[in-house]
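Source file: coords-v8.cif. Holds: mmCIF, C-alpha atoms.
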data_work
loop_
_atom_site.label_atom_id
_atom_site.label_comp_id
_atom_site.auth_asym_id
_atom_site.auth_seq_id
_atom_site.Cartn_x
_atom_site.Cartn_y
_atom_site.Cartn_z
CA MET A 1 149.77 147.03 184.94
CA GLU A 2 151.27 144.41 182.65
CA GLY A 3 150.39 141.77 185.24
CA LEU A 4 146.79 142.95 185.23
CA THR A 5 146.62 142.81 181.43
CA ASN A 6 148.03 139.27 181.45
CA MET A 7 145.52 138.27 184.11
CA MET A 8 142.71 139.83 182.03
CA ASN A 9 143.93 137.97 178.93
CA LYS A 10 143.94 134.67 180.84
CA LYS A 11 140.42 135.32 182.08
CA ILE A 12 139.24 136.23 178.60
CA THR A 13 140.78 133.04 177.21
CA LEU A 14 139.03 131.04 179.94
CA LEU A 15 135.78 132.84 179.20
CA LEU A 16 136.11 132.14 175.49
CA PHE A 17 136.81 128.50 176.23
CA GLY A 18 133.77 128.31 178.54
CA ILE A 19 131.43 129.94 176.06
CA PHE A 20 132.50 127.86 173.11
CA SER A 21 132.37 124.72 175.26
CA ILE A 22 128.77 125.55 176.18
CA LEU A 23 127.97 126.22 172.53
CA PHE A 24 129.51 122.92 171.50
CA ILE A 25 127.83 120.94 174.29
CA SER A 26 124.44 122.54 173.64
CA LEU A 27 124.52 121.96 169.90
CA SER A 28 125.78 118.41 170.43
CA SER A 29 123.09 117.76 173.04
CA ASN A 30 120.40 118.90 170.58
CA TYR A 31 121.68 116.39 168.05
CA ALA A 32 122.03 113.75 170.78
CA LEU A 33 118.43 114.40 171.85
CA ALA A 34 117.25 113.97 168.27
CA GLN A 35 119.23 110.72 168.01
CA GLU A 36 117.84 109.51 171.33
CA ASN A 37 114.30 110.04 170.04
CA ASN A 38 115.34 108.29 166.80
CA ASN A 39 114.14 111.32 164.88
CA LYS A 40 115.82 111.89 161.54
CA ILE A 41 115.13 114.50 158.91
CA VAL A 42 115.20 114.04 155.17
CA SER A 43 113.98 116.29 152.35
CA GLY A 44 113.22 115.47 148.74
CA ILE A 45 110.69 114.96 145.96
CA VAL A 46 107.82 112.49 146.31
CA THR A 47 108.49 109.72 143.78
CA MET A 48 105.97 107.05 144.80
CA VAL A 49 102.65 106.91 146.68
CA LEU A 50 101.13 103.56 147.65
CA LEU A 51 97.49 103.14 148.68
CA ASP A 52 95.68 100.30 150.36
CA GLU A 53 92.53 98.56 149.06
CA ILE A 54 90.25 101.40 150.25
CA ASP A 55 92.40 104.20 148.74
CA GLN A 56 94.02 105.24 152.01
CA LEU A 57 97.66 106.29 152.08
CA LYS A 58 99.81 103.37 153.17
CA GLU A 59 103.35 104.12 152.10
CA PHE A 60 105.35 106.66 150.11
CA LYS A 61 108.84 107.19 148.78
CA ILE A 62 110.93 110.37 148.41
CA THR A 63 114.16 110.95 146.52
CA ASP A 64 116.60 113.39 148.11
CA LEU A 65 118.97 115.83 146.38
CA ASP A 66 121.73 113.19 146.21
CA GLY A 67 119.42 110.78 144.37
CA ASN A 68 118.91 108.44 147.36
CA ASP A 69 115.48 106.86 147.80
CA HIS A 70 113.77 106.83 151.21
CA ARG A 71 110.67 104.73 151.73
CA PHE A 72 108.31 105.37 154.65
CA LEU A 73 105.22 103.78 156.13
CA VAL A 74 102.54 106.06 157.53
CA ILE A 75 100.93 105.49 160.93
CA ASP A 76 97.87 107.01 162.61
CA SER A 77 99.96 109.68 164.35
CA THR A 78 101.72 110.85 161.15
CA GLU A 79 101.23 114.62 160.86
CA TYR A 80 100.85 116.58 157.63
CA GLY A 81 101.45 120.25 156.88
CA LEU A 82 101.31 120.60 153.11
CA ASP A 83 100.62 123.54 150.83
CA GLU A 84 98.01 123.24 148.11
CA SER A 85 98.72 124.67 144.65
CA SER A 86 96.47 127.62 145.62
CA GLY A 87 98.88 128.41 148.46
CA ASP A 88 96.54 127.34 151.29
CA ARG A 89 98.04 125.16 153.99
CA TRP A 90 96.44 121.79 154.68
CA ILE A 91 97.11 120.44 158.17
CA SER A 92 95.91 117.07 159.37
CA THR A 93 96.96 113.61 160.56
CA GLN A 94 96.85 110.18 158.99
CA LYS A 95 94.13 109.11 161.41
CA GLU A 96 91.91 112.07 160.51
CA SER A 97 92.33 112.13 156.72
CA PRO A 98 94.05 109.05 155.25
CA LYS A 99 92.50 109.51 151.80
CA GLU A 100 93.15 113.24 151.64
CA ALA A 101 96.79 112.62 152.61
CA ALA A 102 97.18 110.37 149.57
CA ILE A 103 95.67 113.03 147.30
CA LYS A 104 97.99 115.72 148.68
CA LEU A 105 101.08 113.58 148.21
CA PHE A 106 100.00 112.69 144.66
CA ASP A 107 99.63 116.42 144.04
CA HIS A 108 103.14 117.07 145.37
CA GLN A 109 104.49 114.25 143.20
CA GLN A 110 102.95 115.78 140.09
CA ARG A 111 104.17 119.29 140.94
CA TYR A 112 107.66 118.11 141.99
CA ALA A 113 107.08 120.07 145.21
CA PRO A 114 109.74 119.08 147.77
CA VAL A 115 108.74 117.89 151.24
CA THR A 116 110.59 117.33 154.51
CA VAL A 117 109.95 114.13 156.45
CA ILE A 118 110.78 113.57 160.11
CA HIS A 119 111.01 109.82 160.63
CA ASP A 120 112.37 107.07 162.84
CA GLY A 121 113.83 105.05 159.97
CA ILE A 122 110.62 103.16 159.17
CA ASN A 123 107.61 105.32 159.97
CA ALA A 124 107.05 108.92 158.90
CA LYS A 125 106.27 111.11 161.91
CA SER A 126 105.57 114.27 159.96
CA VAL A 127 105.47 115.33 156.33
CA VAL A 128 105.73 119.08 155.75
CA GLU A 129 106.68 121.56 153.04
CA ARG A 130 110.42 121.74 152.40
CA GLU A 131 111.03 125.26 153.71
CA GLU A 132 109.22 124.56 157.00
CA GLY A 133 111.55 121.73 157.86
CA ASN A 134 114.82 123.34 156.89
CA LEU A 135 116.31 122.81 160.35
CA GLU A 136 119.88 122.03 159.33
CA ASP A 137 120.32 125.35 157.51
CA ASN A 138 118.75 127.19 160.43
CA LEU A 139 121.36 125.76 162.78
CA SER A 140 124.18 126.97 160.55
CA TYR A 141 122.70 130.50 160.59
CA LEU A 142 122.35 130.30 164.36
CA PHE A 143 125.93 129.13 164.80
CA SER A 144 127.27 131.80 162.40
CA PHE A 145 125.45 134.48 164.33
CA PHE A 146 126.76 133.40 167.73
CA PHE A 147 130.28 133.01 166.38
CA ILE A 148 130.28 136.52 164.85
CA THR A 149 128.75 138.06 167.98
CA TRP A 150 131.39 136.69 170.32
CA VAL A 151 134.24 137.43 167.92
CA LEU A 152 133.05 141.07 167.85
CA PHE A 153 132.68 141.32 171.63
CA PHE A 154 136.04 139.75 172.43
CA GLY A 155 137.76 141.55 169.58
CA TYR A 156 136.53 144.84 171.06
CA ILE A 157 137.72 143.91 174.56
CA PHE A 158 141.15 142.99 173.18
CA TYR A 159 141.25 146.25 171.22
CA LEU A 160 140.45 148.25 174.36
CA GLY A 161 143.02 146.30 176.38
CA ARG A 162 145.77 146.96 173.85
CA LYS A 163 144.90 150.63 173.48
CA GLN A 164 144.79 151.03 177.27
CA LYS A 165 148.23 149.45 177.55
CA VAL A 166 149.70 151.78 174.90
CA ILE A 167 148.21 154.94 176.43
CA GLU A 168 149.40 153.96 179.93
CA SER A 169 152.92 153.40 178.66
CA PHE A 170 152.79 156.86 176.99
CA ILE A 171 151.65 158.45 180.27
CA ASN A 172 154.39 156.66 182.23
CA SER A 173 157.05 157.75 179.75
CA GLU A 174 155.77 161.36 179.90
CA HIS A 175 155.94 161.28 183.71
CA LYS A 176 159.54 160.05 183.56
CA LYS A 177 160.61 162.95 181.32
CA MET B 1 137.05 153.18 188.64
CA ASN B 2 139.40 150.85 190.46
CA ASN B 3 140.73 147.53 189.21
CA ILE B 4 138.85 145.46 191.81
CA THR B 5 135.50 146.83 190.66
CA LYS B 6 136.46 146.23 187.06
CA ASN B 7 137.35 142.62 187.77
CA LYS B 8 134.22 142.04 189.84
CA LEU B 9 132.07 143.43 187.07
CA PHE B 10 133.93 141.33 184.54
CA LEU B 11 133.41 138.16 186.58
CA LEU B 12 129.75 138.99 187.19
CA SER B 13 129.27 139.64 183.48
CA THR B 14 130.99 136.35 182.59
CA PHE B 15 128.91 134.44 185.11
CA VAL B 16 125.52 135.79 183.96
CA MET B 17 126.49 135.43 180.30
CA LEU B 18 127.32 131.74 180.75
CA ILE B 19 123.98 131.18 182.50
CA ASN B 20 122.36 133.14 179.68
CA LEU B 21 123.88 130.85 177.04
CA TYR B 22 122.75 127.80 179.00
CA LEU B 23 119.19 129.18 179.12
CA ILE B 24 119.17 130.09 175.42
CA PHE B 25 120.59 126.83 174.11
CA ILE B 26 119.43 124.20 176.54
CA TRP B 27 116.69 125.36 178.90
CA VAL B 28 114.23 127.33 176.79
CA PRO B 29 111.86 125.32 174.54
CA THR B 30 112.27 125.49 170.76
CA GLU B 31 109.71 127.74 169.08
CA ALA B 32 107.22 125.71 167.03
CA ASN B 33 107.07 127.75 163.81
CA GLN B 34 110.66 128.88 163.25
CA GLY B 35 112.62 126.13 164.99
CA ALA B 36 116.11 126.68 166.41
CA ILE B 37 116.73 129.95 164.55
CA GLN B 38 114.23 131.72 166.82
CA ARG B 39 116.87 131.52 169.58
CA ILE B 40 118.52 134.54 167.91
CA LEU B 41 115.68 136.57 169.45
CA TYR B 42 117.23 136.26 172.92
CA ILE B 43 120.24 138.26 171.71
CA HIS B 44 118.74 140.30 168.86
CA VAL B 45 116.07 141.95 171.02
CA PRO B 46 118.30 142.77 174.07
CA VAL B 47 121.17 144.19 171.95
CA SER B 48 118.67 146.26 169.94
CA GLN B 49 117.13 147.65 173.12
CA ILE B 50 120.52 148.46 174.63
CA SER B 51 121.68 150.01 171.35
CA MET B 52 118.70 152.38 171.57
CA ILE B 53 119.36 153.09 175.26
CA ALA B 54 123.03 153.83 174.46
CA ILE B 55 122.18 156.60 171.99
CA ILE B 56 119.88 158.18 174.60
CA VAL B 57 122.81 158.05 177.06
CA VAL B 58 125.01 159.72 174.40
CA ALA B 59 122.42 162.46 173.77
CA ILE B 60 121.82 163.21 177.47
CA SER B 61 125.56 163.16 178.26
CA SER B 62 126.32 165.44 175.30
CA VAL B 63 123.68 167.97 176.35
CA LEU B 64 124.90 167.87 179.97
CA PHE B 65 128.47 168.40 178.79
CA LEU B 66 127.47 171.39 176.67
CA LEU B 67 125.52 172.86 179.60
CA LYS B 68 127.90 172.10 182.49
CA LYS B 69 131.26 171.80 180.66
CA ASN B 70 132.08 168.85 182.91
CA GLU B 71 134.45 166.45 181.11
CA PHE B 72 132.92 163.46 182.85
CA TRP B 73 129.81 163.73 180.63
CA ASP B 74 131.92 164.07 177.50
CA LYS B 75 133.80 160.87 178.31
CA VAL B 76 130.56 159.02 179.06
CA ALA B 77 129.14 160.20 175.71
CA ILE B 78 132.06 158.97 173.60
CA ALA B 79 132.28 155.67 175.53
CA SER B 80 128.55 155.03 175.18
CA ALA B 81 128.62 155.91 171.46
CA GLU B 82 131.37 153.40 170.72
CA ILE B 83 129.68 150.59 172.63
CA GLY B 84 126.32 151.55 171.11
CA LEU B 85 127.93 151.15 167.70
CA LEU B 86 129.14 147.68 168.69
CA TYR B 87 125.66 146.68 169.90
CA GLY B 88 124.16 148.27 166.77
CA THR B 89 126.45 146.18 164.57
CA ILE B 90 125.29 143.02 166.34
CA MET B 91 121.66 144.17 166.09
CA LEU B 92 121.95 144.53 162.30
CA LEU B 93 123.94 141.31 161.81
CA SER B 94 121.55 139.27 163.95
CA GLY B 95 118.57 140.73 162.07
CA ILE B 96 120.14 139.91 158.71
CA LEU B 97 121.04 136.34 159.75
CA TRP B 98 117.53 135.84 161.15
CA ALA B 99 115.74 137.33 158.14
CA LYS B 100 117.34 135.07 155.54
CA PRO B 101 115.99 131.70 156.79
CA VAL B 102 112.65 133.14 157.99
CA TRP B 103 111.75 135.70 155.28
CA GLY B 104 113.93 134.31 152.48
CA VAL B 105 115.83 137.61 152.02
CA TRP B 106 118.77 139.20 153.84
CA TRP B 107 117.23 142.66 153.99
CA THR B 108 114.01 144.52 153.19
CA GLY B 109 113.55 148.27 152.92
CA GLU B 110 110.75 148.38 155.48
CA ALA B 111 110.43 151.04 158.17
CA LYS B 112 111.73 149.08 161.18
CA LEU B 113 114.89 148.00 159.40
CA THR B 114 115.48 151.38 157.76
CA THR B 115 115.13 153.31 161.03
CA ALA B 116 117.50 150.82 162.71
CA LEU B 117 120.02 151.35 159.89
CA ILE B 118 119.65 155.13 160.37
CA LEU B 119 120.51 154.69 164.05
CA TYR B 120 123.61 152.74 163.05
CA LEU B 121 124.68 155.47 160.61
CA ILE B 122 124.04 158.09 163.33
CA TYR B 123 126.48 156.23 165.59
CA VAL B 124 129.06 156.13 162.78
CA SER B 125 128.68 159.84 162.02
CA TYR B 126 128.83 160.77 165.74
CA ILE B 127 132.10 158.88 166.18
CA MET B 128 133.50 160.35 162.94
CA PHE B 129 132.73 163.89 164.13
CA ARG B 130 134.28 163.20 167.52
CA ASN B 131 137.43 161.79 165.96
CA TYR B 132 137.92 164.41 163.26
CA PHE B 133 137.25 167.51 165.36
CA PRO B 134 139.28 168.38 168.47
CA THR B 135 137.66 168.70 171.91
CA GLY B 136 136.10 172.12 172.47
CA SER B 137 135.54 172.80 168.77
CA GLN B 138 132.33 173.32 166.84
CA GLY B 139 132.45 169.63 165.88
CA GLN B 140 131.59 168.65 169.45
CA ARG B 141 128.36 170.67 169.28
CA ILE B 142 127.46 169.18 165.90
CA ALA B 143 128.14 165.70 167.33
CA ALA B 144 125.77 166.48 170.23
CA ILE B 145 123.05 167.47 167.72
CA ILE B 146 123.64 164.19 165.83
CA ALA B 147 123.24 162.28 169.12
CA ILE B 148 119.95 164.11 169.83
CA ILE B 149 118.68 163.15 166.34
CA GLY B 150 119.70 159.56 167.14
CA ALA B 151 117.75 159.69 170.40
CA LEU B 152 114.71 160.98 168.49
CA ASP B 153 115.07 158.03 166.11
CA THR B 154 114.64 155.48 168.92
CA PRO B 155 110.84 155.87 169.39
CA LEU B 156 110.50 155.63 165.61
CA ILE B 157 112.37 152.29 165.65
CA TYR B 158 110.25 151.08 168.55
CA PHE B 159 106.88 151.98 166.98
CA ALA B 160 107.82 151.38 163.31
CA ALA B 161 106.48 147.81 163.11
CA ASN B 162 103.12 148.90 164.52
CA LEU B 163 102.85 152.10 162.45
CA TRP B 164 103.78 150.45 159.14
CA SER B 165 102.86 146.76 159.37
CA GLU B 166 105.25 144.83 157.13
CA ALA B 167 107.34 141.69 157.47
CA HIS B 168 108.88 142.57 160.86
CA PRO B 169 106.66 141.33 163.70
CA PRO B 170 104.76 144.01 165.69
CA ILE B 171 105.91 145.12 169.15
CA VAL B 172 105.68 142.24 171.61
CA LEU B 173 107.56 143.84 174.50
CA GLY B 174 107.16 146.99 176.49
CA PRO B 175 104.25 149.41 176.98
CA ALA B 176 103.12 149.43 173.32
CA SER B 177 103.05 145.65 172.89
CA GLU B 178 99.95 144.36 171.13
CA ASN B 179 100.27 140.61 171.50
CA ASP B 180 102.44 137.88 172.96
CA SER B 181 102.87 135.77 169.82
CA SER B 182 106.67 135.71 169.96
CA PHE B 183 106.57 134.47 173.55
CA SER B 184 104.33 131.46 173.51
CA SER B 185 105.59 130.36 176.91
CA SER B 186 106.60 132.03 180.16
CA GLU B 187 110.03 130.37 179.85
CA MET B 188 110.68 132.35 176.66
CA ARG B 189 109.77 135.61 178.37
CA LEU B 190 111.98 134.75 181.35
CA VAL B 191 114.97 133.97 179.10
CA TRP B 192 114.47 137.23 177.19
CA LEU B 193 114.39 139.15 180.51
CA PHE B 194 117.51 137.38 181.80
CA SER B 195 119.30 137.99 178.51
CA THR B 196 118.45 141.69 178.65
CA ILE B 197 119.89 141.93 182.17
CA SER B 198 123.02 139.99 181.09
CA PHE B 199 123.68 142.26 178.13
CA MET B 200 122.97 145.33 180.26
CA ILE B 201 125.61 144.23 182.81
CA PHE B 202 128.00 143.58 179.93
CA PHE B 203 127.22 147.05 178.56
CA VAL B 204 128.03 148.65 181.93
CA TYR B 205 131.29 146.67 182.08
CA LEU B 206 132.30 147.81 178.58
CA LEU B 207 131.23 151.37 179.36
CA ARG B 208 133.47 151.46 182.42
CA ILE B 209 136.59 150.15 180.68
CA ARG B 210 135.98 152.45 177.69
CA TYR B 211 135.47 155.39 180.07
CA LYS B 212 138.76 154.56 181.79
CA LEU B 213 140.51 154.53 178.40
CA GLN B 214 139.00 157.91 177.48
CA ASP B 215 140.07 159.26 180.87
CA ASN B 216 143.66 158.16 180.22
CA ILE B 217 143.62 159.65 176.71
CA SER B 218 142.57 163.05 178.06
CA LYS B 219 145.17 162.76 180.85
CA TYR B 220 147.84 162.10 178.26
CA PHE B 221 146.79 165.11 176.15
CA LYS B 222 146.78 167.32 179.24
CA ILE B 223 150.32 166.25 180.12
CA THR B 224 151.64 166.77 176.59
CA ASN B 225 149.79 170.10 176.13
CA GLY B 226 151.07 171.32 179.52
CA ARG B 227 154.61 170.40 178.54
CA SER B 228 154.40 172.14 175.14
CA ASN B 229 152.92 175.30 176.76
#
Would you mind writing the file out in structure tokens?
Amino acid sequence: MEGLTNMMNKKITLLLFGIFSILFISLSSNYALAQENNNKIVSGIVTMVLLDEIDQLKEFKITDLDGNDHRFLVIDSTEYGLDESSGDRWISTQKESPKEAAIKLFDHQQRYAPVTVIHDGINAKSVVEREEGNLEDNLSYLFSFFFITWVLFFGYIFYLGRKQKVIESFINSEHKK
Amino acid sequence: MNNITKNKLFLLSTFVMLINLYLIFIWVPTEANQGAIQRILYIHVPVSQISMIAIIVVAISSVLFLLKKNEFWDKVAIASAEIGLLYGTIMLLSGILWAKPVWGVWWTGEAKLTTALILYLIYVSYIMFRNYFPTGSQGQRIAAIIAIIGALDTPLIYFAANLWSEAHPPIVLGPASENDSSFSSSEMRLVWLFSTISFMIFFVYLLRIRYKLQDNISKYFKITNGRSN
């Protein structure tokens, strides 16, 4: 019986190792995929909006929580998902509404409303409300959840294994009496 | 239950669970509105469903035990209750950790969440009654009634989001589903289905080892009681 318990423990250890390896690989691969696409995420307050000669949005700057400035150019494919002060969501692209985009960013600058920008280092790919782009925090919640779940499952299996071992030794000792 | 079956079930459970994790983390597309956190759904929904199934198993087993006086049903009831409590704990924790980034709060007092919390407390009270009162006492009957109340709570949990529309999304799975908004692709539905099967196999595995433990506990008490008599 002790041999079986040891074998079970080895298997559980292997299983734990396998699961956490998969977790690690999958989370790493998500980051690697983001790196491969050159997509980076930054959040902050809009501190500058530059327009061209016909009042179309050309460039903007945000300042993140650490006080670092990030300057981005906008391109035709840049997507917007910004809330108006009334609470309505405005969704568009630079190609569709270049002037409106400038007005919305000016509005965010005046209201100190934070935005999240997905970018490739030079061009902004999307500009959305802060809470919509809070991907880093989401991943920590996801990781915490999976960690707790598997700790509970394996903790329960270990608890059952130990209790089984104790009760079997009691039965064996009773039989010997 | 022999050891070979236990090991086979354990290996099967391990195998499907690893595939399940691969599907959840790598294969299934990321949901557009919520991002990566939506992947909690593939565990939250299956464990919630199995937690509700487990209390029905407890209620049916308890009634059968009271009617037939066959110890097998009593052991199944206690084993299912303990594993149901484990699944219930994960159901609540996953809901809480999902609610915070999506709703901005850890918990709301809405119907779906409250009825789920009631189910959890029913599990706790059932196990307390079973542990405090000896087998064959009045406590066992009261525990059976608690399990029946728990089983009656399950349809309430299932329909709560549709009956009282609040923050929790309406039913998207099963016969009463109204829309498919949580499953914008067939891949998502497939992963949910696979995850449900994986957690069901894992539930059966846990049920069998817990049943074996309960069987040994009653064997031990029979030996010691026989000796003292």
Per-residue nearest contacts chain B to chain A, cut-off 8 Å, using only C-alpha atoms, as a Markdown table:
| residue | atom | partner | partner_atom | distance |
| --- | --- | --- | --- | --- |
| B:Thr14 | CA | A:Leu15 | CA | 6.8 |
| B:Leu18 | CA | A:Ile19 | CA | 6.5 |
| B:Leu21 | CA | A:Ile22 | CA | 7.3 |
| B:Tyr22 | CA | A:Ile22 | CA | 7.0 |
| B:Phe25 | CA | A:Ser26 | CA | 5.8 |
| B:Ile26 | CA | A:Ser26 | CA | 6.0 |
| B:Asn33 | CA | A:Glu132 | CA | 7.8 |
| B:Gln34 | CA | A:Glu132 | CA | 7.7 |
| B:Gly35 | CA | A:Leu135 | CA | 6.8 |
| B:Ala36 | CA | A:Leu139 | CA | 6.4 |
| B:Ile37 | CA | A:Asn138 | CA | 5.4 |
| B:Arg39 | CA | A:Leu142 | CA | 7.7 |
| B:Ile40 | CA | A:Leu142 | CA | 6.7 |
| B:Leu86 | CA | A:Leu152 | CA | 7.7 |
| B:Ile90 | CA | A:Thr149 | CA | 6.3 |
| B:Leu93 | CA | A:Phe145 | CA | 7.4 |
| B:Ser94 | CA | A:Phe145 | CA | 6.2 |
| B:Leu97 | CA | A:Tyr141 | CA | 6.1 |
| B:Trp98 | CA | A:Tyr141 | CA | 7.5 |
| B:Pro101 | CA | A:Asn138 | CA | 6.4 |
| B:Leu206 | CA | A:Ile157 | CA | 7.8 |
| B:Ile209 | CA | A:Leu160 | CA | 7.6 |
| B:Arg210 | CA | A:Leu160 | CA | 7.0 |
| B:Leu213 | CA | A:Gln164 | CA | 5.6 |
| B:Asn216 | CA | A:Ile167 | CA | 6.7 |
| B:Ile217 | CA | A:Ile167 | CA | 6.6 |
| B:Lys219 | CA | A:Ile171 | CA | 7.8 |
| B:Tyr220 | CA | A:Ile171 | CA | 5.6 |
| B:Ile223 | CA | A:Glu174 | CA | 7.3 |
| B:Thr224 | CA | A:Glu174 | CA | 7.6 |
* **Expansion of the PyMOL selection byres ((chain A and resi 122) around 9) into residues, as a PyMOL selection string** => chain A and resi 71-74+119-121+123-124
* **Atomic distance CA of Glu187 (chain B) - CA of Leu9 (chain B), expressed in Å with one decimal** => 26.6 Å
* Determine the residue membership of the PyMOL selection byres ((chain B and resi 201) around 9) for the file above and supply it as a ChimeraX atom specification. => /B:9-10,12-13,16,196-200,202-206
* Structure fact -> With distances taken over only C-alpha atoms, the candidate from A:Leu51, A:Ile75, A:Val128, A:Ile103 nearest Arg89 (chain A) is A:Val128
* Asked: In Å, with one decimal, what is the gap from CA of Gln94 (chain A) to CA of Ser77 (chain A)?
  ->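 Result for CA of Gln94 (chain A) versus CA of Ser77 (chain A): 6.2 Å, one decimal.
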* Residues selected by the PyMOL selection byres ((chain B and resi 154) around 10), written as an MDAnalysis selection string -> chainID B and resid 49 51:53 55:56 115:116 118:119 149:153 155:160
Give the padded box for region 200-216 of chain B as lines of an AutoDock Vina configuration file: axis-aligned, covering all atoms listed in the file, 5 Å on each side, centre and edge lengths in Å to one decimal.
center_x = 133.3
center_y = 151.4
center_z = 180.1
size_x = 30.7
size_y = 25.7
size_z = 15.3
* Asked: What is the CA of His108 (chain A) to CA of Ile45 (chain A) distance in Å?
  ->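 Distance reported for this atom pair: 7.9 Å.
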* B:Tyr42, B:Tyr120, B:Phe194, B:Trp106: which is nearest Ala81 (chain B), counting only C-alpha atoms? ->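 Answer, going by the shortest atom-to-atom distance: B:Tyr120.
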* To do: Considering all atoms listed in the file, state which residue in the set A:Gly155, A:Ser97, A:Tyr80, A:Thr47 is at the smallest distance from Val127 (chain A).
  =>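 Between A:Gly155, A:Ser97, A:Tyr80, A:Thr47, the residue approaching Val127 (chain A) most closely is A:Tyr80.
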